Amino acid sequence: MSKVNRVLILGGGPGGTMVANHLARRLRGRIEAGALEVIQLTASPWHTYQPGFLFMAFGEAPLSRFQREQASLLVPGVKLVVDPAEQIDAKGSRVITQNGAIYAYDYLVIATGSYPDPTRVPGMAEGAHGFYTAEDAVRLRDALRRFEGGRIVLTVDVPHKCPVAPLEMVFTLDRYFRSLGRRDGVEVVYTYPIGRLHSLPPVSEWAAAEFERRGIVAETFFNVQRLDPESRKVFSLEGSEYDYDLLISVAPHRGARVISDSGLGDEQGFVATDRYTLQAAGYDNIYVVGDATNLPVSKAGSTAHYEAEVAAENIAAALEGQPPSHRYDGKVFCFIEAGGEEGSYIEFSYTRPPRPARASPMLHQFKLAYNELYWLSARGLL
Amino acid sequence: MAIDKATAGQADSLNGAQVKPDRVVDARGSFCPGPLMELIKTIKAQPVGTVVELWSSDRGSSKDVPEWIKKAGHDLLYVLEEGDHWRIGVRKAR
Ligand SMILES: Cc1cc2nc3c(=O)[nH]c(=O)nc-3n(C[C@H](O)[C@H](O)[C@H](O)COP(=O)(O)OP(=O)(O)OC[C@H]3O[C@@H](n4cnc5c(N)ncnc54)[C@H](O)[C@@H]3O)c2cc1C
């Protein structure tokens, strides 16, 4: 009997799920014939749509609204195992799990995402709120409900995922307190690491006009150095400081622990990845997609989506004895809520600069609709 | 190899060829999060004294990167224009 090939996928977010579904559809015949196994290892039986955390923080919807069972999102042919990887033995082409199981692989896909790590900044874990995890979003919701007035400061660390989320946060804070009739008693301060309000100049220009209109205060070149939770002060490494009554921070992100534990990551636990082929540096049989890469592109669901297609196609080609057929061109697509009832989007790649679409109510509705369509997209139907 | 005139005056040493970077950050083609964010991420994770060289294909970087370096108190070593991209050298000073 000829050898059974195995593709092992680590992670059950958009990246891992889209690779798994794409491969299983593309190579259904091989899977049915018993010549190929596609196995997804993940840390949780649940699949979480992270953009929902923003809505949770304002009490607009519970977590259950943004979670589905991972098993319900996979097409036939993908085997799901809920047992996180503990060690990746890249030289030996095998993965050891928390339960002690050992999976040898022909191809490995790393899609283990990134997570905010406030312990990297003195005072942040104790003193700051966040909205990048479900628990933080619930804690922030309660703090906002109790908030009696004063100054709310938002800080942004690098690296972080979803580059528009910090702007969406301050715009939603503005709207929230206006709708409660208490906006006058709240000062909203937005800070950003570089010399403008967002890394994309067109988004920055649009945001500047919105800040003006809504009375949001901004400070650029602000990289948090430390927080003093006692006196409620935050200090930047560029030398400025703010008093605050409530601090919301987008903490510096790290790649999954298993990456660092396996010696595969840089200082922050991100895997050195070829920007076009998406292969891990030094390993032809390891592909990396989504937030887990060290690529200088946005850590966003759409990035994971486009990368997943390239990785899946190239693994399929390799299994068929063909050279890689696809190349990732750095494509990213982001919706931008323009505040109120209008939305916009922006699309760019390594070589095409971003040009935002004209804001319209239709694009706003489309963004809302995408919250539902996401589940079809994860299944690979969209 | 040409030296960017706008920023040359701020650099301590303009001869990039003499300084060997400890780390290269290839941020060519990065629009979002952008070359400066990639640089900040790397500098924060390095010990004082490390020399980092940033590659950027974004024209704006030859201005806004030196501006941040000055504000954050690091040393700008050189800004070199090379075909379709810039190479900016910085030493972490604190
Ligand atoms: C508040 C917020 C708003 C956002 N808004 C947007 C938006 O509007 N648009 C957009 O495009 N993106 C947005 N994002 C970003 C987007 O959610 C992420 O970029 C995306 O989820 C990355 O996908 P991923 O598959 O790489 O990682 P993740 O979705 O983080 O998935 C990682 C997976 O790996 C699993 N895992 C971790 N460790 C292990 C292990 N050791 N073994 C096995 N499995 C493991 C996890 O359980 C998880 O299933 C937002 C994020 C946040 C937090």
# chains A, B, ... in the order shown; residues from 1 in each chain; ligands from 1
call {"tool": "select_by_dssp", "arguments": {"residues": "segment 160-247 of chain A", "states": "strand (DSSP E)", "output": "PDB file with N, CA and C atoms, in the first residue's frame"}}
result
ATOM      1  N   VAL A 186     -17.236  63.562  29.654  1.00  0.00           N
ATOM      2  CA  VAL A 186     -16.210  62.567  29.303  1.00  0.00           C
ATOM      3  C   VAL A 186     -15.220  63.154  28.302  1.00  0.00           C
ATOM      4  N   GLU A 187     -13.932  63.079  28.649  1.00  0.00           N
ATOM      5  CA  GLU A 187     -12.918  63.477  27.685  1.00  0.00           C
ATOM      6  C   GLU A 187     -12.328  62.212  27.075  1.00  0.00           C
ATOM      7  N   VAL A 188     -12.324  62.132  25.744  1.00  0.00           N
ATOM      8  CA  VAL A 188     -11.767  60.945  25.080  1.00  0.00           C
ATOM      9  C   VAL A 188     -10.431  61.322  24.441  1.00  0.00           C
ATOM     10  N   VAL A 189      -9.360  60.628  24.867  1.00  0.00           N
ATOM     11  CA  VAL A 189      -8.025  60.900  24.331  1.00  0.00           C
ATOM     12  C   VAL A 189      -7.516  59.666  23.592  1.00  0.00           C
ATOM     13  N   TYR A 190      -7.135  59.867  22.339  1.00  0.00           N
ATOM     14  CA  TYR A 190      -6.622  58.779  21.498  1.00  0.00           C
ATOM     15  C   TYR A 190      -5.130  59.001  21.300  1.00  0.00           C
ATOM     16  N   THR A 191      -4.323  57.984  21.520  1.00  0.00           N
ATOM     17  CA  THR A 191      -2.883  58.128  21.264  1.00  0.00           C
ATOM     18  C   THR A 191      -2.463  57.087  20.232  1.00  0.00           C
ATOM     19  N   VAL A 217      -9.653  64.144  21.520  1.00  0.00           N
ATOM     20  CA  VAL A 217      -8.288  64.680  21.628  1.00  0.00           C
ATOM     21  C   VAL A 217      -7.316  63.612  21.135  1.00  0.00           C
ATOM     22  N   ALA A 218      -6.253  64.028  20.422  1.00  0.00           N
ATOM     23  CA  ALA A 218      -5.303  63.022  19.933  1.00  0.00           C
ATOM     24  C   ALA A 218      -3.871  63.408  20.247  1.00  0.00           C
ATOM     25  N   GLU A 219      -3.049  62.409  20.528  1.00  0.00           N
ATOM     26  CA  GLU A 219      -1.611  62.642  20.653  1.00  0.00           C
ATOM     27  C   GLU A 219      -0.887  61.563  19.855  1.00  0.00           C
ATOM     28  N   VAL A 224       3.655  53.653  24.801  1.00  0.00           N
ATOM     29  CA  VAL A 224       3.586  53.523  26.256  1.00  0.00           C
ATOM     30  C   VAL A 224       4.865  52.914  26.798  1.00  0.00           C
ATOM     31  N   GLN A 225       5.399  53.582  27.841  1.00  0.00           N
ATOM     32  CA  GLN A 225       6.567  53.026  28.512  1.00  0.00           C
ATOM     33  C   GLN A 225       6.153  52.322  29.801  1.00  0.00           C
ATOM     34  N   ARG A 226       5.300  53.007  30.561  1.00  0.00           N
ATOM     35  CA  ARG A 226       4.798  52.382  31.785  1.00  0.00           C
ATOM     36  C   ARG A 226       3.540  53.096  32.262  1.00  0.00           C
ATOM     37  N   LEU A 227       2.850  52.434  33.193  1.00  0.00           N
ATOM     38  CA  LEU A 227       1.632  52.987  33.778  1.00  0.00           C
ATOM     39  C   LEU A 227       1.807  52.994  35.277  1.00  0.00           C
ATOM     40  N   ASP A 228       1.225  53.990  35.932  1.00  0.00           N
ATOM     41  CA  ASP A 228       1.171  53.936  37.383  1.00  0.00           C
ATOM     42  C   ASP A 228      -0.296  53.811  37.787  1.00  0.00           C
ATOM     43  N   LYS A 233      -1.609  57.383  36.050  1.00  0.00           N
ATOM     44  CA  LYS A 233      -0.848  58.145  35.059  1.00  0.00           C
ATOM     45  C   LYS A 233      -0.244  57.173  34.068  1.00  0.00           C
ATOM     46  N   VAL A 234      -0.148  57.613  32.805  1.00  0.00           N
ATOM     47  CA  VAL A 234       0.505  56.797  31.790  1.00  0.00           C
ATOM     48  C   VAL A 234       1.627  57.621  31.153  1.00  0.00           C
ATOM     49  N   PHE A 235       2.791  56.982  30.973  1.00  0.00           N
ATOM     50  CA  PHE A 235       3.979  57.675  30.471  1.00  0.00           C
ATOM     51  C   PHE A 235       4.398  57.087  29.122  1.00  0.00           C
ATOM     52  N   SER A 236       4.786  57.957  28.196  1.00  0.00           N
ATOM     53  CA  SER A 236       5.245  57.457  26.899  1.00  0.00           C
ATOM     54  C   SER A 236       6.764  57.446  26.865  1.00  0.00           C
ATOM     55  N   GLU A 241       3.117  62.476  29.250  1.00  0.00           N
ATOM     56  CA  GLU A 241       2.318  61.716  30.211  1.00  0.00           C
ATOM     57  C   GLU A 241       0.886  62.227  30.263  1.00  0.00           C
ATOM     58  N   TYR A 242      -0.020  61.348  30.708  1.00  0.00           N
ATOM     59  CA  TYR A 242      -1.437  61.704  30.859  1.00  0.00           C
ATOM     60  C   TYR A 242      -1.976  61.168  32.174  1.00  0.00           C
ATOM     61  N   ASP A 243      -2.811  61.959  32.824  1.00  0.00           N
ATOM     62  CA  ASP A 243      -3.634  61.429  33.917  1.00  0.00           C
ATOM     63  C   ASP A 243      -4.849  60.785  33.259  1.00  0.00           C
ATOM     64  N   LEU A 246      -9.909  56.290  33.178  1.00  0.00           N
ATOM     65  CA  LEU A 246     -10.032  54.928  32.648  1.00  0.00           C
ATOM     66  C   LEU A 246      -9.034  54.811  31.502  1.00  0.00           C
ATOM     67  N   LEU A 247      -8.227  53.753  31.540  1.00  0.00           N
ATOM     68  CA  LEU A 247      -7.254  53.561  30.463  1.00  0.00           C
ATOM     69  C   LEU A 247      -7.622  52.310  29.680  1.00  0.00           C
TER      70      LEU A 247
END
call {"tool": "residues_near_ligand", "arguments": {"ligand": "ligand 1", "cutoff": "6 Å", "atoms": "only C-alpha atoms and all ligand atoms", "output": "NGL selection string"}}
result
:A and (10-16 or 41-44 or 50-51 or 53-54 or 84-86 or 111-114 or 131-132 or 161-162 or 165 or 256 or 258 or 290-292 or 299-302 or 304 or 334)
call {"tool": "interface_residues", "arguments": {"of": "chain A", "to": "chain B", "cutoff": "9 Å", "atoms": "only C-alpha atoms", "output": "ChimeraX atom specification"}}
result
/A:157-160,163,193-195,198-200,221,223,237-239,252,267-268,295-299,330,332,348-354
call {"tool": "residues_around", "arguments": {"residues": "segment 358-367 of chain A", "least_positions_apart": "6", "cutoff": "8 Å", "atoms": "only C-alpha atoms", "output": "PyMOL selection string"}}
result
chain A and resi 335+337-338+341-345
call {"tool": "atom_distance", "arguments": {"atom1": "atom CA of Glu313 of chain A", "atom2": "atom CA of Gly29 of chain A"}}
result
15.4 Å
call {"tool": "closest_residue", "arguments": {"among": "B:Pro21, B:His74, B:His85, B:Arg91", "to": "Ser62 of chain B", "atoms": "only C-alpha atoms"}}
result
B:His85
call {"tool": "select_by_dssp", "arguments": {"residues": "chain B", "states": "helix (DSSP H, G or I)", "output": "PyMOL selection string"}}
result
chain B and resi 5-8+16-18+35-44+61-72
call {"tool": "write_last_selection", "arguments": {"atoms": "C-alpha atoms", "output": "PDB file, in the first residue's frame"}}
result
ATOM      1  CA  LYS B   5      19.469  65.658   1.554  1.00  0.00           C
ATOM      2  CA  ALA B   6      16.485  66.508   3.731  1.00  0.00           C
ATOM      3  CA  THR B   7      17.634  64.322   6.574  1.00  0.00           C
ATOM      4  CA  ALA B   8      21.376  64.074   6.014  1.00  0.00           C
ATOM      5  CA  GLY B  16      26.099  53.391   6.007  1.00  0.00           C
ATOM      6  CA  ALA B  17      28.677  51.097   4.521  1.00  0.00           C
ATOM      7  CA  GLN B  18      30.904  51.465   7.602  1.00  0.00           C
ATOM      8  CA  PRO B  35       7.659  50.723   8.163  1.00  0.00           C
ATOM      9  CA  LEU B  36       7.901  52.930  11.259  1.00  0.00           C
ATOM     10  CA  MET B  37       5.692  50.553  13.272  1.00  0.00           C
ATOM     11  CA  GLU B  38       7.896  47.649  12.163  1.00  0.00           C
ATOM     12  CA  LEU B  39      10.944  49.574  13.335  1.00  0.00           C
ATOM     13  CA  ILE B  40       9.408  50.486  16.718  1.00  0.00           C
ATOM     14  CA  LYS B  41       8.430  46.845  17.264  1.00  0.00           C
ATOM     15  CA  THR B  42      11.981  45.667  16.623  1.00  0.00           C
ATOM     16  CA  ILE B  43      13.746  48.412  18.581  1.00  0.00           C
ATOM     17  CA  LYS B  44      11.602  47.797  21.657  1.00  0.00           C
ATOM     18  CA  SER B  61       9.768  57.011   5.785  1.00  0.00           C
ATOM     19  CA  SER B  62      12.843  59.106   4.990  1.00  0.00           C
ATOM     20  CA  LYS B  63      11.119  61.920   6.912  1.00  0.00           C
ATOM     21  CA  ASP B  64       8.896  60.361   9.568  1.00  0.00           C
ATOM     22  CA  VAL B  65      11.352  57.678  10.713  1.00  0.00           C
ATOM     23  CA  PRO B  66      14.129  60.194  11.563  1.00  0.00           C
ATOM     24  CA  GLU B  67      11.515  62.355  13.281  1.00  0.00           C
ATOM     25  CA  TRP B  68      10.511  59.508  15.600  1.00  0.00           C
ATOM     26  CA  ILE B  69      14.126  58.478  16.211  1.00  0.00           C
ATOM     27  CA  LYS B  70      14.853  62.001  17.411  1.00  0.00           C
ATOM     28  CA  LYS B  71      11.759  62.166  19.609  1.00  0.00           C
ATOM     29  CA  ALA B  72      12.423  58.759  21.156  1.00  0.00           C
TER      30      ALA B  72
END
call {"tool": "residues_around", "arguments": {"residues": "Ala208 of chain A", "least_positions_apart": "4", "cutoff": "9 Å", "atoms": "only C-alpha atoms", "output": "VMD selection string"}}
result
chain A and resid 196 to 197 203 to 204 212 to 213 218
call {"tool": "closest_residue", "arguments": {"among": "B:Asp22, B:Ser56, B:Ala93, B:Gly49", "to": "Glu81 of chain B", "atoms": "only C-alpha atoms"}}
result
B:Ser56
call {"tool": "residues_around", "arguments": {"residues": "Pro324 of chain A", "least_positions_apart": "5", "cutoff": "8 Å", "atoms": "only C-alpha atoms", "output": "list in words"}}
result
Thr277, Glu313, Asn314, Ile315, Ala317 and Ala318 of chain A
